[in-house]
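> I'd like to ask you about the structure that follows.
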Amino acid sequence: MSADVYCPWVGVPMHACRSLEGEAVFVSPSVVPQQVVRVGIAFAVAVAALLIARSVLIPKTFGELGHYRAAAVDSIAAHDIKFAGKQECAVCHESEMDRLKAGRHKGLTCEVCHGPSAEHTMSPVDIQPPAPRDRAFCPLCHSYNAARPTGFPQIDPVVHNPLDPCITCHEPHEPEPPYTPEECSACHGQISRQKAVSHHARLACTVCHEVPEAHKISPREVTPTRPTTRAFCGQCHASQNPLQGLRAPQIDLTTHNPEYLCWQCHYPHYPEAGGL
Amino acid sequence: MPNSVTPGQGAPENGEQAVDRREFLKEACGLAGPILLGVISLPALAGEVVGQEPQRRLYGMGIDVSKCIGCGRCAAACKIENDVPAEPRYFNTWVERYVIQTDGEVVVDSPNGGIDGFPPTVSEGEIERTFFVPKLCNHCIDAPCVQVCPVGATFITEDGVVLVDQDYCIGCRYCIQACPYGARWMHPEKNVASKCTWCYHRLKRGLVPACVEVCPTGARIFGEVEGRATPLARHLRMNEIQVLKPHLNTKPKVFYAHLDGEVR
């Protein structure tokens with residue numbers, strides 16, 4: 001070995017390559033040294049362990065669609081349905097569906113009252129969906145609640161024919177009232193309750209509103225009239241009006257904020273001036 | 001100069017094949033590079049980035065607060081359709097009653113999710129205004145619950161529905177903490193996170209979610225956000241739309257119309 005041959009691993013001339021004991025070490029440059037083999041084996045084992053761990057720990061289909069198990073989507077989508085949907089009901093119950101379409105319950109699905117009926121569609125005879133016949137059910141929607149939108153038909157179950165089930169008077173598939181509502185409060189509960197404790201309590205709704213008969217059938221399509229002029233309120237409240245005996249608060253229409261209409265400041269169903 | 005040896009760095013004298021330091025490093029890098037790259041890129045290859053906006057379909061829901069009559073049929077139907085336990089009182093969807101009192105105090109309640117009705121709590125003279133607000137999972141585009149899941153058990157499907165893989169969930173409750181809308185709950189028997197799925201099993205059968213199906217006044221509208229001639233598109237076009245907690249940038253996909261400013 002000549003002096004200009006270097007040990008390829010340590011960089012010293014080959015003749016200087018010594019073991020710890022001082023013996024000359026001759027390394028064939030073509031043989032991969034032991035320490036590299038050991039590190040390589042350790043590295044290979046680590047990579048293999050990682051790959052095995054991944055294959056064991058990461059579930060199948062994880063990552064096919066995203067950072068989740070793709071199979072979970074299918075298993076969630078495979079759940080059974082409980083509510084069949086209105087179209088399914090229409091397949092058999094044509095006449096009820098026709099009646100429903102014409103009435104005010106046309107937006108309702110059958111199952112909101114009759115309950116989930118997917119099983120009924122599978123075995124129509126054996127499994128019959130129930131029909132709620134007691135007084136507890138209809139008031140879930142139709143009992144008076146201040147938070148319900150104005151105009152939604154609401155009754156007070158305590159005083160509204162308390163002993164009769166709703167279906168004695170109302171056919172739920174075409175729920176026209178048995179007679180057109182005599183009282184506006186049947187639908188306009190919030191207004192009537194406020195008005196009842198106001199100074200306008202004695203005024204009938206028709207004093208200010210002309211109510212076409214069709215409003216009782218098609219409440220949203222045909223609406224009652226409203227007052228349009230200051231002079232209308234002035235019939236009672238103008239100081240120059242002839243109805244002095246009413247003792248209503250008097251104002252001078254010509255000087256009392258003539259740029260506004262009365263109801264821009266005062267709520268006629270609960271006029272605050274001198275109110276309770 | 002591939003495979004050549006620089007003179008002075010230990011060129012083999014007698015033509016014997018030798019490996020010098022440079023060549024060793026070259027080969028080592030050549031070998032280690034692909035292995036390291038492979039290890040690093042395995043998770044990236046495994047799937048797209050979480051929270052990426054879905055491509056094909058994007059489901060959304062509209063809610064017209066002014067139409068809600070607070071009957072609670074949505075909450076009742078949801079419990080049936082999705083086998084939500086009746087007790088304790090967990091809900092995928094529920095109805096809240098807001099009462100803004102004349103003294104300015106805001107009272108919000110939801111007795112049994114609204115399923116049994118709303119008995120009056122405040123005398124009517126003290127009510128300034130009052131209304132019902134249906135609530136449910138907003139199926140956010142940037143859902144915080146999905147971001148925090150440590151195992152990838154909750155995810156956004158390609159059609160924009162946030163789901164829980166209940167076979168894979170470890171029940172750590174991070175997602176329940178992370179949801180700003182209180183839409184998630186711990187299933188008392190399965191001990192995994194549960195939530196509204198927009199009745200994903202119904203969507204896949206061409207049906208609308210159960211709450212939408214039973215809503216008697218049409219206060220809930222379901223469809224594709226990007227659809228053109230759909231009830232949801234009409235809802236979005238004809239109303240002034242708000243979402244809950246927009247400042248959190250979760251990009252919710254439940255679009256409220258006629259929402260009062262007091263609603264949180």
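Each chain in the structure tokens gets a letter, A, B and so on, in the order shown; residues start at 1 in every chain, and ligands are counted from 1 in the order they appear.
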Please identify the alpha helix (DSSP H) residues within stretch 49-182 of chain A (assignment by DSSP from backbone atoms) and present them as a PDB file with N, CA and C atoms, in the first residue's frame.


ATOM      1  N   ALA A  49     -40.824  -0.524  10.281  1.00  0.00           N
ATOM      2  CA  ALA A  49     -41.752  -0.420  11.423  1.00  0.00           C
ATOM      3  C   ALA A  49     -42.772   0.671  11.182  1.00  0.00           C
ATOM      4  N   LEU A  50     -42.313   1.790  10.612  1.00  0.00           N
ATOM      5  CA  LEU A  50     -43.236   2.895  10.323  1.00  0.00           C
ATOM      6  C   LEU A  50     -44.309   2.454   9.334  1.00  0.00           C
ATOM      7  N   LEU A  51     -43.862   1.780   8.281  1.00  0.00           N
ATOM      8  CA  LEU A  51     -44.819   1.359   7.261  1.00  0.00           C
ATOM      9  C   LEU A  51     -45.801   0.332   7.810  1.00  0.00           C
ATOM     10  N   ILE A  52     -45.283  -0.584   8.627  1.00  0.00           N
ATOM     11  CA  ILE A  52     -46.178  -1.592   9.216  1.00  0.00           C
ATOM     12  C   ILE A  52     -47.166  -0.913  10.161  1.00  0.00           C
ATOM     13  N   ALA A  53     -46.632   0.006  10.988  1.00  0.00           N
ATOM     14  CA  ALA A  53     -47.505   0.698  11.935  1.00  0.00           C
ATOM     15  C   ALA A  53     -48.581   1.470  11.184  1.00  0.00           C
ATOM     16  N   ARG A  54     -48.196   2.121  10.096  1.00  0.00           N
ATOM     17  CA  ARG A  54     -49.179   2.863   9.303  1.00  0.00           C
ATOM     18  C   ARG A  54     -50.258   1.932   8.768  1.00  0.00           C
ATOM     19  N   SER A  55     -49.827   0.805   8.238  1.00  0.00           N
ATOM     20  CA  SER A  55     -50.817  -0.089   7.638  1.00  0.00           C
ATOM     21  C   SER A  55     -51.741  -0.682   8.690  1.00  0.00           C
ATOM     22  N   VAL A  56     -51.214  -0.837   9.920  1.00  0.00           N
ATOM     23  CA  VAL A  56     -52.056  -1.399  10.972  1.00  0.00           C
ATOM     24  C   VAL A  56     -52.946  -0.326  11.577  1.00  0.00           C
ATOM     25  N   LEU A  57     -52.372   0.853  11.856  1.00  0.00           N
ATOM     26  CA  LEU A  57     -53.090   1.875  12.627  1.00  0.00           C
ATOM     27  C   LEU A  57     -54.050   2.694  11.774  1.00  0.00           C
ATOM     28  N   ALA A  70     -63.133   7.200   4.099  1.00  0.00           N
ATOM     29  CA  ALA A  70     -64.147   7.321   3.055  1.00  0.00           C
ATOM     30  C   ALA A  70     -65.312   6.378   3.313  1.00  0.00           C
ATOM     31  N   ALA A  71     -65.036   5.251   3.969  1.00  0.00           N
ATOM     32  CA  ALA A  71     -66.096   4.279   4.233  1.00  0.00           C
ATOM     33  C   ALA A  71     -67.133   4.835   5.195  1.00  0.00           C
ATOM     34  N   ALA A  72     -66.719   5.814   6.046  1.00  0.00           N
ATOM     35  CA  ALA A  72     -67.666   6.370   7.005  1.00  0.00           C
ATOM     36  C   ALA A  72     -68.813   7.078   6.288  1.00  0.00           C
ATOM     37  N   VAL A  73     -68.510   7.722   5.164  1.00  0.00           N
ATOM     38  CA  VAL A  73     -69.552   8.426   4.423  1.00  0.00           C
ATOM     39  C   VAL A  73     -70.631   7.440   3.988  1.00  0.00           C
ATOM     40  N   ASP A  74     -70.179   6.302   3.483  1.00  0.00           N
ATOM     41  CA  ASP A  74     -71.148   5.306   3.016  1.00  0.00           C
ATOM     42  C   ASP A  74     -71.940   4.729   4.179  1.00  0.00           C
ATOM     43  N   SER A  75     -71.255   4.487   5.312  1.00  0.00           N
ATOM     44  CA  SER A  75     -71.987   3.875   6.421  1.00  0.00           C
ATOM     45  C   SER A  75     -73.001   4.856   7.003  1.00  0.00           C
ATOM     46  N   ILE A  76     -72.682   6.154   6.988  1.00  0.00           N
ATOM     47  CA  ILE A  76     -73.661   7.136   7.470  1.00  0.00           C
ATOM     48  C   ILE A  76     -74.810   7.238   6.467  1.00  0.00           C
ATOM     49  N   ALA A  77     -74.464   7.196   5.184  1.00  0.00           N
ATOM     50  CA  ALA A  77     -75.516   7.301   4.167  1.00  0.00           C
ATOM     51  C   ALA A  77     -76.419   6.078   4.152  1.00  0.00           C
ATOM     52  N   LYS A  86     -93.550  13.113   1.682  1.00  0.00           N
ATOM     53  CA  LYS A  86     -94.929  13.298   1.230  1.00  0.00           C
ATOM     54  C   LYS A  86     -95.204  12.588  -0.095  1.00  0.00           C
ATOM     55  N   GLN A  87     -94.181  12.532  -0.957  1.00  0.00           N
ATOM     56  CA  GLN A  87     -94.400  11.902  -2.264  1.00  0.00           C
ATOM     57  C   GLN A  87     -94.782  10.438  -2.113  1.00  0.00           C
ATOM     58  N   GLU A  88     -94.163   9.786  -1.124  1.00  0.00           N
ATOM     59  CA  GLU A  88     -94.475   8.376  -0.890  1.00  0.00           C
ATOM     60  C   GLU A  88     -95.938   8.222  -0.487  1.00  0.00           C
ATOM     61  N   CYS A  89     -96.429   9.114   0.370  1.00  0.00           N
ATOM     62  CA  CYS A  89     -97.822   9.025   0.821  1.00  0.00           C
ATOM     63  C   CYS A  89     -98.774   9.200  -0.360  1.00  0.00           C
ATOM     64  N   ALA A  90     -98.383  10.118  -1.291  1.00  0.00           N
ATOM     65  CA  ALA A  90     -99.266  10.439  -2.405  1.00  0.00           C
ATOM     66  C   ALA A  90     -99.483   9.248  -3.331  1.00  0.00           C
ATOM     67  N   VAL A  91     -98.556   8.283  -3.284  1.00  0.00           N
ATOM     68  CA  VAL A  91     -98.681   7.128  -4.177  1.00  0.00           C
ATOM     69  C   VAL A  91     -99.998   6.392  -3.922  1.00  0.00           C
ATOM     70  N   CYS A  92    -100.360   6.250  -2.641  1.00  0.00           N
ATOM     71  CA  CYS A  92    -101.577   5.511  -2.316  1.00  0.00           C
ATOM     72  C   CYS A  92    -102.735   6.429  -1.925  1.00  0.00           C
ATOM     73  N   GLU A  94    -104.389   9.220  -2.612  1.00  0.00           N
ATOM     74  CA  GLU A  94    -104.631  10.299  -3.557  1.00  0.00           C
ATOM     75  C   GLU A  94    -105.710  11.263  -3.082  1.00  0.00           C
ATOM     76  N   SER A  95    -106.824  10.704  -2.580  1.00  0.00           N
ATOM     77  CA  SER A  95    -107.943  11.587  -2.251  1.00  0.00           C
ATOM     78  C   SER A  95    -107.575  12.517  -1.099  1.00  0.00           C
ATOM     79  N   GLU A  96    -106.898  11.965  -0.085  1.00  0.00           N
ATOM     80  CA  GLU A  96    -106.476  12.832   1.020  1.00  0.00           C
ATOM     81  C   GLU A  96    -105.530  13.921   0.518  1.00  0.00           C
ATOM     82  N   MET A  97    -104.678  13.512  -0.436  1.00  0.00           N
ATOM     83  CA  MET A  97    -103.712  14.476  -0.940  1.00  0.00           C
ATOM     84  C   MET A  97    -104.407  15.587  -1.708  1.00  0.00           C
ATOM     85  N   ASP A  98    -105.460  15.243  -2.448  1.00  0.00           N
ATOM     86  CA  ASP A  98    -106.197  16.272  -3.185  1.00  0.00           C
ATOM     87  C   ASP A  98    -106.883  17.237  -2.230  1.00  0.00           C
ATOM     88  N   ARG A  99    -107.481  16.689  -1.182  1.00  0.00           N
ATOM     89  CA  ARG A  99    -108.121  17.567  -0.207  1.00  0.00           C
ATOM     90  C   ARG A  99    -107.089  18.465   0.459  1.00  0.00           C
ATOM     91  N   LEU A 100    -105.939  17.860   0.779  1.00  0.00           N
ATOM     92  CA  LEU A 100    -104.887  18.612   1.468  1.00  0.00           C
ATOM     93  C   LEU A 100    -104.401  19.772   0.607  1.00  0.00           C
ATOM     94  N   LYS A 101    -104.272  19.498  -0.696  1.00  0.00           N
ATOM     95  CA  LYS A 101    -103.734  20.503  -1.614  1.00  0.00           C
ATOM     96  C   LYS A 101    -104.598  21.753  -1.657  1.00  0.00           C
ATOM     97  N   ALA A 102    -105.902  21.549  -1.494  1.00  0.00           N
ATOM     98  CA  ALA A 102    -106.811  22.678  -1.649  1.00  0.00           C
ATOM     99  C   ALA A 102    -106.865  23.549  -0.400  1.00  0.00           C
ATOM    100  N   GLU A 111     -96.559  13.402   7.590  1.00  0.00           N
ATOM    101  CA  GLU A 111     -95.922  12.795   8.753  1.00  0.00           C
ATOM    102  C   GLU A 111     -95.745  13.752   9.919  1.00  0.00           C
ATOM    103  N   VAL A 112     -96.047  15.031   9.709  1.00  0.00           N
ATOM    104  CA  VAL A 112     -95.941  15.939  10.842  1.00  0.00           C
ATOM    105  C   VAL A 112     -97.049  15.616  11.841  1.00  0.00           C
ATOM    106  N   CYS A 113     -98.195  15.141  11.361  1.00  0.00           N
ATOM    107  CA  CYS A 113     -99.267  14.722  12.271  1.00  0.00           C
ATOM    108  C   CYS A 113     -99.257  13.213  12.473  1.00  0.00           C
ATOM    109  N   HIS A 114     -99.065  12.459  11.415  1.00  0.00           N
ATOM    110  CA  HIS A 114     -99.203  11.005  11.511  1.00  0.00           C
ATOM    111  C   HIS A 114     -97.926  10.313  11.945  1.00  0.00           C
ATOM    112  N   ALA A 118     -92.111   5.514   7.300  1.00  0.00           N
ATOM    113  CA  ALA A 118     -91.347   4.738   6.325  1.00  0.00           C
ATOM    114  C   ALA A 118     -91.676   3.250   6.455  1.00  0.00           C
ATOM    115  N   GLU A 119     -91.874   2.789   7.697  1.00  0.00           N
ATOM    116  CA  GLU A 119     -92.219   1.370   7.873  1.00  0.00           C
ATOM    117  C   GLU A 119     -93.593   1.077   7.300  1.00  0.00           C
ATOM    118  N   HIS A 120     -94.493   2.047   7.415  1.00  0.00           N
ATOM    119  CA  HIS A 120     -95.839   1.876   6.859  1.00  0.00           C
ATOM    120  C   HIS A 120     -95.788   1.709   5.348  1.00  0.00           C
ATOM    121  N   THR A 121     -94.865   2.389   4.683  1.00  0.00           N
ATOM    122  CA  THR A 121     -94.779   2.255   3.231  1.00  0.00           C
ATOM    123  C   THR A 121     -94.256   0.873   2.848  1.00  0.00           C
ATOM    124  N   MET A 122     -93.499   0.243   3.765  1.00  0.00           N
ATOM    125  CA  MET A 122     -92.995  -1.103   3.484  1.00  0.00           C
ATOM    126  C   MET A 122     -94.091  -2.150   3.668  1.00  0.00           C
ATOM    127  N   PRO A 139    -102.757  22.074  19.517  1.00  0.00           N
ATOM    128  CA  PRO A 139    -102.226  23.300  20.128  1.00  0.00           C
ATOM    129  C   PRO A 139    -100.707  23.428  20.070  1.00  0.00           C
ATOM    130  N   LEU A 140    -100.000  22.366  19.745  1.00  0.00           N
ATOM    131  CA  LEU A 140     -98.557  22.532  19.554  1.00  0.00           C
ATOM    132  C   LEU A 140     -98.286  23.632  18.532  1.00  0.00           C
ATOM    133  N   CYS A 141     -99.144  23.714  17.519  1.00  0.00           N
ATOM    134  CA  CYS A 141     -99.016  24.809  16.559  1.00  0.00           C
ATOM    135  C   CYS A 141    -100.003  25.931  16.853  1.00  0.00           C
ATOM    136  N   HIS A 142    -101.220  25.590  17.295  1.00  0.00           N
ATOM    137  CA  HIS A 142    -102.311  26.565  17.244  1.00  0.00           C
ATOM    138  C   HIS A 142    -102.711  27.137  18.585  1.00  0.00           C
TER     139      HIS A 142
END

> Output as a PyMOL selection string the set of chain A residues within 8 Å of chain B, with distances taken over only C-alpha atoms.

chain A and resi 4-9+29-30+62-69+72-73+76-83+85+105+107-109+111-112+116+140-141+145-149

> So how far away is atom CA of A:Arg226 from atom CA of A:His199, in Å?

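The value is 19.0 Å.
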
> Figure out the distance between atom CA of B:Asp142 and atom CA of B:Val192, please, to one decimal in Å.

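Atom CA of B:Asp142 lies 21.8 Å from atom CA of B:Val192.
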
> If I take atom CA of A:Gln194 and atom CA of A:Arg104, how far is one from the other in Å, to one decimal?

26.8 Å

> Pick out the residues sitting within 8 Å of stretch 234-247 of chain B, and hand them over as a list in words; count only C-alpha atoms, and ignore anything fewer than 5 positions along from it in its own chain.

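So the residues in contact are Gly62, Ile221, Ala229, Pro252, Lys253, Val254, Phe255, Tyr256, Ala257, His258, Leu259, Val263 and Arg264 of chain B.
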
> Please write the residues from the selection above to a file, keeping N, CA and C atoms, as a PDB file, in the first residue's frame.


ATOM      1  N   GLY B  62     -81.709  27.320   4.413  1.00  0.00           N
ATOM      2  CA  GLY B  62     -82.247  28.642   4.712  1.00  0.00           C
ATOM      3  C   GLY B  62     -83.278  28.531   5.815  1.00  0.00           C
ATOM      4  N   ILE B 221     -85.671  25.813   4.537  1.00  0.00           N
ATOM      5  CA  ILE B 221     -85.520  25.573   3.098  1.00  0.00           C
ATOM      6  C   ILE B 221     -84.175  24.895   2.894  1.00  0.00           C
ATOM      7  N   ALA B 229     -82.146  27.788  -9.868  1.00  0.00           N
ATOM      8  CA  ALA B 229     -83.600  27.798  -9.776  1.00  0.00           C
ATOM      9  C   ALA B 229     -84.034  26.794  -8.716  1.00  0.00           C
ATOM     10  N   PRO B 252     -70.584  29.870   7.915  1.00  0.00           N
ATOM     11  CA  PRO B 252     -71.706  28.939   8.124  1.00  0.00           C
ATOM     12  C   PRO B 252     -72.568  28.834   6.870  1.00  0.00           C
ATOM     13  N   LYS B 253     -73.241  27.699   6.739  1.00  0.00           N
ATOM     14  CA  LYS B 253     -74.114  27.489   5.589  1.00  0.00           C
ATOM     15  C   LYS B 253     -75.575  27.356   6.006  1.00  0.00           C
ATOM     16  N   VAL B 254     -75.936  27.899   7.167  1.00  0.00           N
ATOM     17  CA  VAL B 254     -77.343  28.057   7.524  1.00  0.00           C
ATOM     18  C   VAL B 254     -77.645  29.550   7.423  1.00  0.00           C
ATOM     19  N   PHE B 255     -78.532  29.882   6.490  1.00  0.00           N
ATOM     20  CA  PHE B 255     -78.744  31.278   6.119  1.00  0.00           C
ATOM     21  C   PHE B 255     -80.086  31.748   6.675  1.00  0.00           C
ATOM     22  N   TYR B 256     -80.024  32.687   7.615  1.00  0.00           N
ATOM     23  CA  TYR B 256     -81.223  33.158   8.291  1.00  0.00           C
ATOM     24  C   TYR B 256     -81.773  34.399   7.590  1.00  0.00           C
ATOM     25  N   ALA B 257     -83.087  34.418   7.418  1.00  0.00           N
ATOM     26  CA  ALA B 257     -83.776  35.619   6.958  1.00  0.00           C
ATOM     27  C   ALA B 257     -84.592  36.168   8.118  1.00  0.00           C
ATOM     28  N   HIS B 258     -84.735  37.485   8.171  1.00  0.00           N
ATOM     29  CA  HIS B 258     -85.506  38.168   9.212  1.00  0.00           C
ATOM     30  C   HIS B 258     -84.967  37.848  10.596  1.00  0.00           C
ATOM     31  N   LEU B 259     -83.663  37.831  10.708  1.00  0.00           N
ATOM     32  CA  LEU B 259     -83.042  37.500  11.995  1.00  0.00           C
ATOM     33  C   LEU B 259     -82.890  38.774  12.814  1.00  0.00           C
ATOM     34  N   VAL B 263     -80.133  37.950  18.305  1.00  0.00           N
ATOM     35  CA  VAL B 263     -79.879  36.507  18.233  1.00  0.00           C
ATOM     36  C   VAL B 263     -78.378  36.258  18.198  1.00  0.00           C
ATOM     37  N   ARG B 264     -77.960  35.365  19.072  1.00  0.00           N
ATOM     38  CA  ARG B 264     -76.542  35.016  19.154  1.00  0.00           C
ATOM     39  C   ARG B 264     -76.337  33.595  18.644  1.00  0.00           C
TER      40      ARG B 264
END
